[in-house]
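Novice: Sharing query-v4.txt below, compact mmCIF, C-alpha atoms:
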```txt
# COMPACT_ATOMS: atom_id res chain seq x y z
CA MET P 1323 29.45 99.70 77.76
CA ASN P 1324 28.78 97.37 80.68
CA ALA P 1325 29.26 98.08 84.37
CA SER P 1326 32.67 96.43 84.53
CA GLY P 1327 34.06 98.51 81.70
CA ALA P 1328 32.58 101.66 83.17
CA GLN P 1329 34.14 100.89 86.54
CA LYS P 1330 37.54 100.44 84.96
CA LEU P 1331 37.13 103.82 83.28
CA ASN P 1332 36.11 105.34 86.61
CA ALA P 1333 39.24 103.86 88.19
CA LEU P 1334 41.45 105.26 85.42
CA CYS P 1335 39.88 108.70 85.73
CA ALA P 1336 40.39 108.61 89.49
CA LEU P 1337 44.05 107.78 88.91
CA ILE P 1338 44.37 110.66 86.45
CA LEU P 1339 42.87 113.01 89.04
CA GLY P 1340 45.40 111.69 91.54
CA GLY P 1341 48.10 112.46 89.00
CA VAL P 1342 46.83 116.04 88.72
CA LEU P 1343 47.12 116.47 92.49
CA ILE P 1344 50.61 114.97 92.43
CA GLY P 1345 51.48 117.53 89.78
CA ALA P 1346 50.24 120.27 92.11
CA TYR P 1347 52.49 118.90 94.83
CA THR P 1348 55.41 118.97 92.40
CA PHE P 1349 54.94 122.71 92.03
CA GLN P 1350 54.61 123.06 95.77
CA LEU P 1351 57.61 120.99 96.80
CA ALA P 1352 60.04 121.29 93.90
CA LEU P 1353 59.38 124.89 92.91
CA ARG P 1354 58.40 125.98 96.43
CA GLU P 1355 55.22 127.61 95.15
CA LEU P 1356 52.79 127.34 98.02
CA PRO P 1357 49.12 127.04 97.10
CA CYS P 1358 46.92 130.08 97.60
CA PRO P 1359 43.45 129.64 99.17
CA LEU P 1360 41.74 129.43 95.78
CA CYS P 1361 44.35 126.87 94.72
CA LEU P 1362 43.55 124.79 97.78
CA LEU P 1363 39.84 124.92 96.98
CA GLN P 1364 40.58 123.69 93.46
CA ARG P 1365 42.57 120.80 94.91
CA TRP P 1366 39.55 119.96 97.04
CA ALA P 1367 37.33 120.07 93.97
CA PHE P 1368 39.58 117.52 92.21
CA LEU P 1369 39.17 115.24 95.22
CA GLY P 1370 35.43 115.85 94.96
CA VAL P 1371 35.35 114.79 91.31
CA ALA P 1372 37.23 111.62 92.25
CA PHE P 1373 34.78 111.03 95.13
CA GLY P 1374 32.04 110.10 92.67
CA ALA P 1375 34.34 107.73 90.82
CA ILE P 1376 35.33 105.99 94.04
CA LEU P 1377 31.65 105.65 94.99
CA ASN P 1378 31.07 103.93 91.64
CA LEU P 1379 33.86 101.49 92.38
CA ARG P 1380 32.82 100.69 95.94
CA PHE P 1381 29.03 100.61 95.64
CA GLY P 1382 28.38 99.97 91.98
CA ILE P 1383 27.63 102.39 89.16
CA ARG P 1384 24.79 104.80 89.93
CA PRO P 1385 23.77 108.09 88.28
CA SER P 1386 23.86 109.83 91.66
CA HIS P 1387 27.57 109.07 91.96
CA TYR P 1388 28.18 110.80 88.65
CA GLY P 1389 26.10 113.66 90.04
CA PHE P 1390 28.56 114.23 92.87
CA SER P 1391 31.44 114.32 90.43
CA LEU P 1392 29.54 116.71 88.18
CA ILE P 1393 28.75 119.11 91.01
CA SER P 1394 32.37 119.06 92.16
CA ALA P 1395 33.61 119.67 88.61
CA LEU P 1396 31.27 122.62 88.14
CA PHE P 1397 32.35 123.99 91.49
CA GLY P 1398 35.99 123.58 90.57
CA ALA P 1399 35.38 125.29 87.23
CA ALA P 1400 33.79 128.23 89.07
CA ILE P 1401 36.77 128.56 91.40
CA SER P 1402 39.42 128.25 88.69
CA GLY P 1403 37.42 130.53 86.43
CA ARG P 1404 37.30 133.08 89.19
CA GLN P 1405 41.05 132.88 89.64
CA ILE P 1406 41.57 133.36 85.90
CA LEU P 1407 39.39 136.48 85.98
CA LEU P 1408 41.26 137.86 89.00
CA HIS P 1409 44.44 137.83 86.96
CA ILE P 1410 43.04 138.60 83.55
CA THR P 1411 44.52 142.10 83.50
CA ASP P 1412 47.70 140.95 85.18
CA PRO P 1413 50.60 140.57 82.74
CA VAL P 1414 52.36 138.02 84.94
CA GLY P 1415 49.67 135.99 86.70
CA PHE P 1416 50.20 133.80 89.72
CA GLY P 1417 52.82 131.07 89.74
CA THR P 1418 55.02 129.57 87.07
CA PRO P 1419 53.22 128.87 83.79
CA LEU P 1420 53.15 125.30 82.53
CA TRP P 1421 53.30 124.98 78.76
CA GLY P 1422 52.15 128.56 78.36
CA MET P 1423 49.23 128.54 80.80
CA HIS P 1424 49.04 128.96 84.54
CA ILE P 1425 47.93 126.05 86.68
CA TYR P 1426 44.56 127.60 87.44
CA SER P 1427 43.93 127.86 83.68
CA TRP P 1428 44.85 124.19 83.25
CA ALA P 1429 42.57 123.39 86.20
CA PHE P 1430 39.70 125.15 84.44
CA VAL P 1431 40.38 123.07 81.30
CA ALA P 1432 40.47 119.93 83.45
CA PHE P 1433 37.19 120.70 85.21
CA VAL P 1434 35.37 121.52 81.97
CA SER P 1435 36.78 118.33 80.45
CA ALA P 1436 35.50 116.41 83.46
CA VAL P 1437 32.01 117.84 82.94
CA PHE P 1438 32.12 116.74 79.30
CA LEU P 1439 33.45 113.27 80.13
CA ILE P 1440 30.82 112.72 82.81
CA GLY P 1441 28.20 113.66 80.25
CA VAL P 1442 29.66 111.11 77.83
CA MET P 1443 29.69 108.43 80.54
CA LEU P 1444 26.03 109.08 81.33
CA LEU P 1445 25.14 108.23 77.72
CA ALA P 1446 26.02 104.59 78.35
CA ASP P 1447 22.81 103.08 79.71
CA GLY P 1448 24.32 99.59 79.82
CA GLN P 1449 26.32 100.38 82.94
CA PHE P 1450 23.23 101.04 85.05
CA GLY P 1451 22.09 97.48 85.69
CA GLU P 1452 19.70 96.48 88.45
CA ASN P 1453 22.45 94.46 90.04
CA GLY P 1454 25.29 96.91 89.83
CA LYS P 1455 28.26 95.15 91.36
CA ALA P 1456 30.92 96.79 93.45
CA VAL P 1457 34.55 96.25 92.60
CA PRO P 1458 36.04 93.94 95.27
CA ARG P 1459 38.14 95.90 97.74
CA LYS P 1460 41.06 93.57 97.17
CA SER P 1461 41.00 94.31 93.46
CA ILE P 1462 43.67 96.66 92.19
CA TRP P 1463 40.93 98.54 90.36
CA PHE P 1464 39.67 99.69 93.76
CA TRP P 1465 42.55 99.87 96.18
CA LEU P 1466 44.98 101.66 93.86
CA PRO P 1467 42.78 104.69 93.03
CA PHE P 1468 41.23 104.71 96.49
CA GLY P 1469 44.59 104.45 98.24
CA LEU P 1470 46.15 107.16 96.10
CA LEU P 1471 43.30 109.62 96.58
CA ALA P 1472 42.91 108.95 100.30
CA LEU P 1473 46.64 109.47 100.72
CA LEU P 1474 46.48 112.73 98.76
CA ALA P 1475 43.54 113.93 100.86
CA LEU P 1476 45.53 113.21 104.01
CA ALA P 1477 48.66 114.83 102.57
CA ASN P 1478 46.72 117.95 101.70
CA THR P 1479 45.30 118.03 105.22
CA ILE P 1480 48.80 118.01 106.66
CA SER P 1481 50.40 120.41 104.21
CA THR P 1482 47.53 122.90 104.47
CA PHE P 1483 47.73 122.78 108.25
CA LEU P 1484 51.49 123.40 108.08
CA GLU P 1485 50.90 126.33 105.75
CA CYS P 1486 48.02 128.02 107.53
CA ALA P 1487 47.63 126.36 110.94
CA TRP P 1488 44.27 127.27 112.48
CA MET P 1489 44.11 130.70 110.85
CA THR P 1490 42.87 132.05 107.56
CA CYS P 1491 45.28 131.14 104.81
CA PRO P 1492 47.16 134.15 103.43
CA ASP P 1493 46.12 135.37 99.99
CA ASN P 1494 49.72 135.30 98.89
CA PRO P 1495 51.52 132.49 100.73
CA THR P 1496 55.30 132.64 100.85
CA ARG P 1497 56.12 130.32 103.76
CA TYR P 1498 54.74 127.56 105.92
CA PHE P 1499 53.35 129.07 109.10
CA LEU P 1500 54.29 126.10 111.26
CA LEU P 1501 57.69 125.42 109.76
CA PRO P 1502 60.84 127.49 110.44
CA MET D 1380 40.84 126.51 108.82
CA MET D 1381 41.12 125.10 105.36
CA SER D 1382 42.90 121.94 106.37
CA LEU D 1383 39.57 120.90 107.87
CA LEU D 1384 38.13 120.66 104.34
CA PHE D 1385 40.73 118.08 103.37
CA LEU D 1386 40.38 116.24 106.67
CA LEU D 1387 36.62 115.93 106.19
CA ILE D 1388 36.91 114.60 102.65
CA PHE D 1389 39.59 112.17 103.85
CA VAL D 1390 37.13 110.91 106.47
CA ALA D 1391 34.46 110.68 103.74
CA TYR D 1392 36.84 108.49 101.74
CA LEU D 1393 37.32 106.30 104.81
CA PHE D 1394 33.54 105.98 105.15
CA ILE D 1395 33.47 104.72 101.55
CA HIS D 1396 36.12 102.15 102.33
CA PHE D 1397 34.17 100.84 105.33
CA GLY D 1398 30.93 100.63 103.38
CA LYS D 1399 29.13 103.57 104.96
CA ARG D 1400 27.75 105.07 101.76
CA ASN D 1401 25.18 107.39 103.30
CA ALA D 1402 27.64 108.70 105.88
CA ALA D 1403 30.21 109.35 103.16
CA ILE D 1404 27.70 111.23 101.03
CA GLY D 1405 26.37 113.22 103.97
CA LEU D 1406 29.85 114.25 105.02
CA PHE D 1407 30.77 115.11 101.44
CA ILE D 1408 27.75 117.38 101.06
CA PHE D 1409 28.58 119.07 104.37
CA THR D 1410 32.17 119.60 103.23
CA LEU D 1411 30.97 120.95 99.88
CA LEU D 1412 28.90 123.58 101.68
CA LEU D 1413 31.87 124.45 103.85
CA THR D 1414 34.05 124.76 100.78
CA ALA D 1415 31.47 127.03 99.19
CA TYR D 1416 31.69 129.23 102.29
CA TRP D 1417 35.48 129.44 101.97
CA PHE D 1418 35.15 130.24 98.26
CA ARG D 1419 32.88 133.15 99.13
CA HIS D 1420 35.43 134.25 101.73
CA HIS D 1421 38.33 134.18 99.28
CA ILE D 1422 36.52 135.22 96.13
CA THR D 1423 38.11 138.66 96.12
CA ASP D 1424 41.66 137.44 96.74
CA LYS D 1425 44.15 139.39 94.72
CA LEU D 1426 47.49 137.76 94.33
CA ASN D 1427 50.45 139.90 93.44
CA PHE D 1428 53.19 137.37 93.11
CA TYR D 1429 55.82 138.33 90.63
CA PHE D 1430 58.70 136.06 89.84
```
Would you mind writing the file's structure down as structure tokens?

Specialist:
Amino acid sequence: MNASGAQKLNALCALILGGVLIGAYTFQLALRELPCPLCLLQRWAFLGVAFGAILNLRFGIRPSHYGFSLISALFGAAISGRQILLHITDPVGFGTPLWGMHIYSWAFVAFVSAVFLIGVMLLADGQFGENGKAVPRKSIWFWLPFGLLALLALANTISTFLECAWMTCPDNPTRYFLLP
Amino acid sequence: MMSLLFLLIFVAYLFIHFGKRNAAIGLFIFTLLLTAYWFRHHITDKLNFYF
């Protein structure tokens, strides 16, 4: 696989991660299920996994960029795994299940899948050329994933601030602190 | 103040856009450490939310 192909894959993966965060917002806005603190940390971890992909697009493919994604994915797996264990004796769990599993369980699957996929990507030596080219900023392969993820990061900033303001987020959120 | 975590990673994304790779990475690492702190803070959260 050459650098160009790898960058397109990075862009697609970043878009998929954006889709995951949009799905989280669907639960939040349509079902009015506010994210708990651990849920928010998992959202951050998804943005962290995408961070490495965006670095690959902007500055060229480098192993260190995959390293950032890997660390974020492992971190996210730890958080979602922790949330699974908190509810493992709970017959109901937290939130509405999606296709039989809670969102934190799906998040754990997603993070472990990300670790595996990053490992697969690192097998392709052809992408690590001496002259690794960045994707032009005007290219859709950069601005679409970057724009989506930056927008989602900003949206999460705003929605989290509305939910918790400057205080510690409640363990069991039921309303937005700053909204009536 | 968990919204700060998202604000910092948003700023890191902006650094990427403007070509400041080292600043983006430095800020990301800082935010990762901050997130780890919040994870430790919330690690014993017990949610009892029955629908």

Novice: Record the distance separating atom CA of P:Pro1467 and atom CA of P:Phe1381, expressed in Å with one decimal.

Specialist: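 Taking atom CA of P:Pro1467 as the start and atom CA of P:Phe1381 as the end point, the length is 14.6 Å.
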
Novice: Counting all atoms listed in the file, what is within 6 Å of D:Leu1406, bar same-chain residues fewer than 3 positions away, as a PyMOL selection string?

Specialist: chain D and resi 1391+1403+1409

Novice: List as a PDB file with C-alpha atoms, keeping the file's coordinate frame the protein and nucleic acid residues near stretch 1353-1358 of chain P, meaning an atom at most 9 Å away when all atoms listed in the file are counted, but skip any in the same chain fewer than 6 places from it.

Specialist:
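Full text of out.pdb as output:
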```pdb
ATOM      1  CA  ALA P1346      50.240 120.270  92.110  1.00  0.00           C
ATOM      2  CA  GLY P1417      52.820 131.070  89.740  1.00  0.00           C
ATOM      3  CA  THR P1418      55.020 129.570  87.070  1.00  0.00           C
ATOM      4  CA  THR P1482      47.530 122.900 104.470  1.00  0.00           C
ATOM      5  CA  GLU P1485      50.900 126.330 105.750  1.00  0.00           C
ATOM      6  CA  CYS P1491      45.280 131.140 104.810  1.00  0.00           C
ATOM      7  CA  PRO P1492      47.160 134.150 103.430  1.00  0.00           C
ATOM      8  CA  ASP P1493      46.120 135.370  99.990  1.00  0.00           C
ATOM      9  CA  ASN P1494      49.720 135.300  98.890  1.00  0.00           C
ATOM     10  CA  PRO P1495      51.520 132.490 100.730  1.00  0.00           C
ATOM     11  CA  THR P1496      55.300 132.640 100.850  1.00  0.00           C
ATOM     12  CA  ARG P1497      56.120 130.320 103.760  1.00  0.00           C
ATOM     13  CA  TYR P1498      54.740 127.560 105.920  1.00  0.00           C
TER      14      TYR P1498
ATOM     15  CA  LEU D1426      47.490 137.760  94.330  1.00  0.00           C
TER      16      LEU D1426
END
```

Novice: Using only C-alpha atoms, which residue out of D:Phe1385, D:Tyr1392, D:Phe1397, D:Trp1417 lies closest to P:Thr1490?

Specialist: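 Closest residue, counting only C-alpha atoms: D:Trp1417.
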
Novice: Distance atom CA of D:Arg1419-atom CA of P:Val1434, one decimal place?

Specialist: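 Those two atoms sit 20.9 Å apart.
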
Novice: Enter the distance from atom CA of P:Ile1462 to atom CA of P:Ala1333, in Å, rounded to one decimal.

Specialist: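 Those two atoms sit 9.4 Å apart.
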
Novice: Using all atoms listed in the file, which chain P residues lie at most 7 Å away from chain D, written as a short mmCIF file (atom, residue, chain, number, x, y, z; two decimals) with C-alpha atoms, in the coordinates of the input?

Specialist:
```
data_model
loop_
_atom_site.label_atom_id
_atom_site.label_comp_id
_atom_site.auth_asym_id
_atom_site.auth_seq_id
_atom_site.Cartn_x
_atom_site.Cartn_y
_atom_site.Cartn_z
CA PRO P 1359 43.45 129.64 99.17
CA LEU P 1360 41.74 129.43 95.78
CA LEU P 1363 39.84 124.92 96.98
CA TRP P 1366 39.55 119.96 97.04
CA LEU P 1377 31.65 105.65 94.99
CA ARG P 1380 32.82 100.69 95.94
CA LEU P 1408 41.26 137.86 89.00
CA VAL P 1414 52.36 138.02 84.94
CA PHE P 1416 50.20 133.80 89.72
CA ALA P 1472 42.91 108.95 100.30
CA ALA P 1475 43.54 113.93 100.86
CA LEU P 1476 45.53 113.21 104.01
CA ASN P 1478 46.72 117.95 101.70
CA THR P 1479 45.30 118.03 105.22
CA THR P 1482 47.53 122.90 104.47
CA PHE P 1483 47.73 122.78 108.25
CA TRP P 1488 44.27 127.27 112.48
CA MET P 1489 44.11 130.70 110.85
CA THR P 1490 42.87 132.05 107.56
CA ASP P 1493 46.12 135.37 99.99
CA ASN P 1494 49.72 135.30 98.89
#
```

Novice: Name the closest residue to P:Leu1331 among the candidates P:Gln1449, P:Ser1481, P:Ser1435, P:Thr1348; distances are taken between atoms, counting only C-alpha atoms.

Specialist: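 For P:Leu1331, the nearest of the given residues is P:Gln1449.
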
Novice: Extract stretch 1399-1410 of chain D from the coordinates I pasted, and write it as an mmCIF file, in the first residue's frame (atoms kept: all heavy atoms).

Specialist:
```
data_model
loop_
_atom_site.group_PDB
_atom_site.id
_atom_site.type_symbol
_atom_site.label_atom_id
_atom_site.label_comp_id
_atom_site.auth_asym_id
_atom_site.auth_seq_id
_atom_site.Cartn_x
_atom_site.Cartn_y
_atom_site.Cartn_z
ATOM 1 N N LYS D 1399 0.903 23.636 12.673
ATOM 2 C CA LYS D 1399 1.729 23.638 13.904
ATOM 3 C C LYS D 1399 1.712 22.230 14.508
ATOM 4 O O LYS D 1399 1.000 21.957 15.482
ATOM 5 C CB LYS D 1399 1.190 24.650 14.925
ATOM 6 C CG LYS D 1399 0.960 26.030 14.359
ATOM 7 C CD LYS D 1399 2.254 26.692 14.001
ATOM 8 C CE LYS D 1399 2.003 28.113 13.473
ATOM 9 N NZ LYS D 1399 3.209 28.731 12.902
ATOM 10 N N ARG D 1400 2.493 21.345 13.911
ATOM 11 C CA ARG D 1400 2.444 19.929 14.298
ATOM 12 C C ARG D 1400 2.864 19.731 15.744
ATOM 13 O O ARG D 1400 2.213 19.034 16.522
ATOM 14 C CB ARG D 1400 3.334 19.106 13.356
ATOM 15 C CG ARG D 1400 3.352 17.632 13.679
ATOM 16 C CD ARG D 1400 4.229 16.853 12.702
ATOM 17 N NE ARG D 1400 4.314 15.458 13.098
ATOM 18 C CZ ARG D 1400 5.266 14.973 13.892
ATOM 19 N NH1 ARG D 1400 6.208 15.761 14.360
ATOM 20 N NH2 ARG D 1400 5.269 13.690 14.224
ATOM 21 N N ASN D 1401 3.992 20.332 16.096
ATOM 22 C CA ASN D 1401 4.530 20.107 17.460
ATOM 23 C C ASN D 1401 3.589 20.682 18.526
ATOM 24 O O ASN D 1401 3.404 20.084 19.595
ATOM 25 C CB ASN D 1401 5.915 20.717 17.588
ATOM 26 C CG ASN D 1401 6.938 19.977 16.743
ATOM 27 O OD1 ASN D 1401 6.725 18.807 16.405
ATOM 28 N ND2 ASN D 1401 8.010 20.643 16.381
ATOM 29 N N ALA D 1402 2.995 21.833 18.225
ATOM 30 C CA ALA D 1402 2.057 22.431 19.179
ATOM 31 C C ALA D 1402 0.825 21.537 19.341
ATOM 32 O O ALA D 1402 0.329 21.340 20.454
ATOM 33 C CB ALA D 1402 1.643 23.826 18.709
ATOM 34 N N ALA D 1403 0.354 21.003 18.220
ATOM 35 C CA ALA D 1403 -0.814 20.123 18.261
ATOM 36 C C ALA D 1403 -0.521 18.884 19.108
ATOM 37 O O ALA D 1403 -1.322 18.486 19.952
ATOM 38 C CB ALA D 1403 -1.212 19.708 16.851
ATOM 39 N N ILE D 1404 0.642 18.301 18.879
ATOM 40 C CA ILE D 1404 1.001 17.079 19.614
ATOM 41 C C ILE D 1404 1.205 17.388 21.090
ATOM 42 O O ILE D 1404 0.754 16.644 21.965
ATOM 43 C CB ILE D 1404 2.260 16.448 18.988
ATOM 44 C CG1 ILE D 1404 1.896 15.813 17.633
ATOM 45 C CG2 ILE D 1404 2.875 15.402 19.916
ATOM 46 C CD1 ILE D 1404 3.089 15.368 16.827
ATOM 47 N N GLY D 1405 1.864 18.492 21.384
ATOM 48 C CA GLY D 1405 2.082 18.868 22.784
ATOM 49 C C GLY D 1405 0.770 19.086 23.515
ATOM 50 O O GLY D 1405 0.575 18.617 24.642
ATOM 51 N N LEU D 1406 -0.141 19.779 22.862
ATOM 52 C CA LEU D 1406 -1.437 20.041 23.472
ATOM 53 C C LEU D 1406 -2.231 18.754 23.623
ATOM 54 O O LEU D 1406 -2.914 18.540 24.630
ATOM 55 C CB LEU D 1406 -2.215 21.059 22.636
ATOM 56 C CG LEU D 1406 -3.523 21.576 23.238
ATOM 57 C CD1 LEU D 1406 -3.277 22.222 24.597
ATOM 58 C CD2 LEU D 1406 -4.173 22.584 22.299
ATOM 59 N N PHE D 1407 -2.131 17.873 22.651
ATOM 60 C CA PHE D 1407 -2.840 16.595 22.722
ATOM 61 C C PHE D 1407 -2.333 15.769 23.909
ATOM 62 O O PHE D 1407 -3.126 15.186 24.656
ATOM 63 C CB PHE D 1407 -2.658 15.812 21.420
ATOM 64 C CG PHE D 1407 -3.289 14.453 21.453
ATOM 65 C CD1 PHE D 1407 -4.651 14.304 21.308
ATOM 66 C CD2 PHE D 1407 -2.524 13.313 21.644
ATOM 67 C CE1 PHE D 1407 -5.247 13.057 21.346
ATOM 68 C CE2 PHE D 1407 -3.099 12.064 21.690
ATOM 69 C CZ PHE D 1407 -4.466 11.936 21.544
ATOM 70 N N ILE D 1408 -1.040 15.714 24.080
ATOM 71 C CA ILE D 1408 -0.470 14.947 25.196
ATOM 72 C C ILE D 1408 -0.920 15.542 26.530
ATOM 73 O O ILE D 1408 -1.283 14.816 27.466
ATOM 74 C CB ILE D 1408 1.062 14.895 25.093
ATOM 75 C CG1 ILE D 1408 1.483 14.039 23.893
ATOM 76 C CG2 ILE D 1408 1.691 14.361 26.373
ATOM 77 C CD1 ILE D 1408 2.949 14.103 23.562
ATOM 78 N N PHE D 1409 -0.916 16.869 26.607
ATOM 79 C CA PHE D 1409 -1.381 17.533 27.831
ATOM 80 C C PHE D 1409 -2.840 17.163 28.109
ATOM 81 O O PHE D 1409 -3.223 16.842 29.244
ATOM 82 C CB PHE D 1409 -1.222 19.056 27.691
ATOM 83 C CG PHE D 1409 -1.824 19.835 28.829
ATOM 84 C CD1 PHE D 1409 -1.222 19.849 30.068
ATOM 85 C CD2 PHE D 1409 -3.001 20.558 28.655
ATOM 86 C CE1 PHE D 1409 -1.773 20.561 31.128
ATOM 87 C CE2 PHE D 1409 -3.559 21.267 29.699
ATOM 88 C CZ PHE D 1409 -2.948 21.263 30.939
ATOM 89 N N THR D 1410 -3.662 17.205 27.058
ATOM 90 C CA THR D 1410 -5.078 16.892 27.218
ATOM 91 C C THR D 1410 -5.272 15.418 27.590
ATOM 92 O O THR D 1410 -6.170 15.088 28.373
ATOM 93 C CB THR D 1410 -5.841 17.208 25.918
ATOM 94 O OG1 THR D 1410 -5.446 18.483 25.449
ATOM 95 C CG2 THR D 1410 -7.335 17.236 26.150
#
```
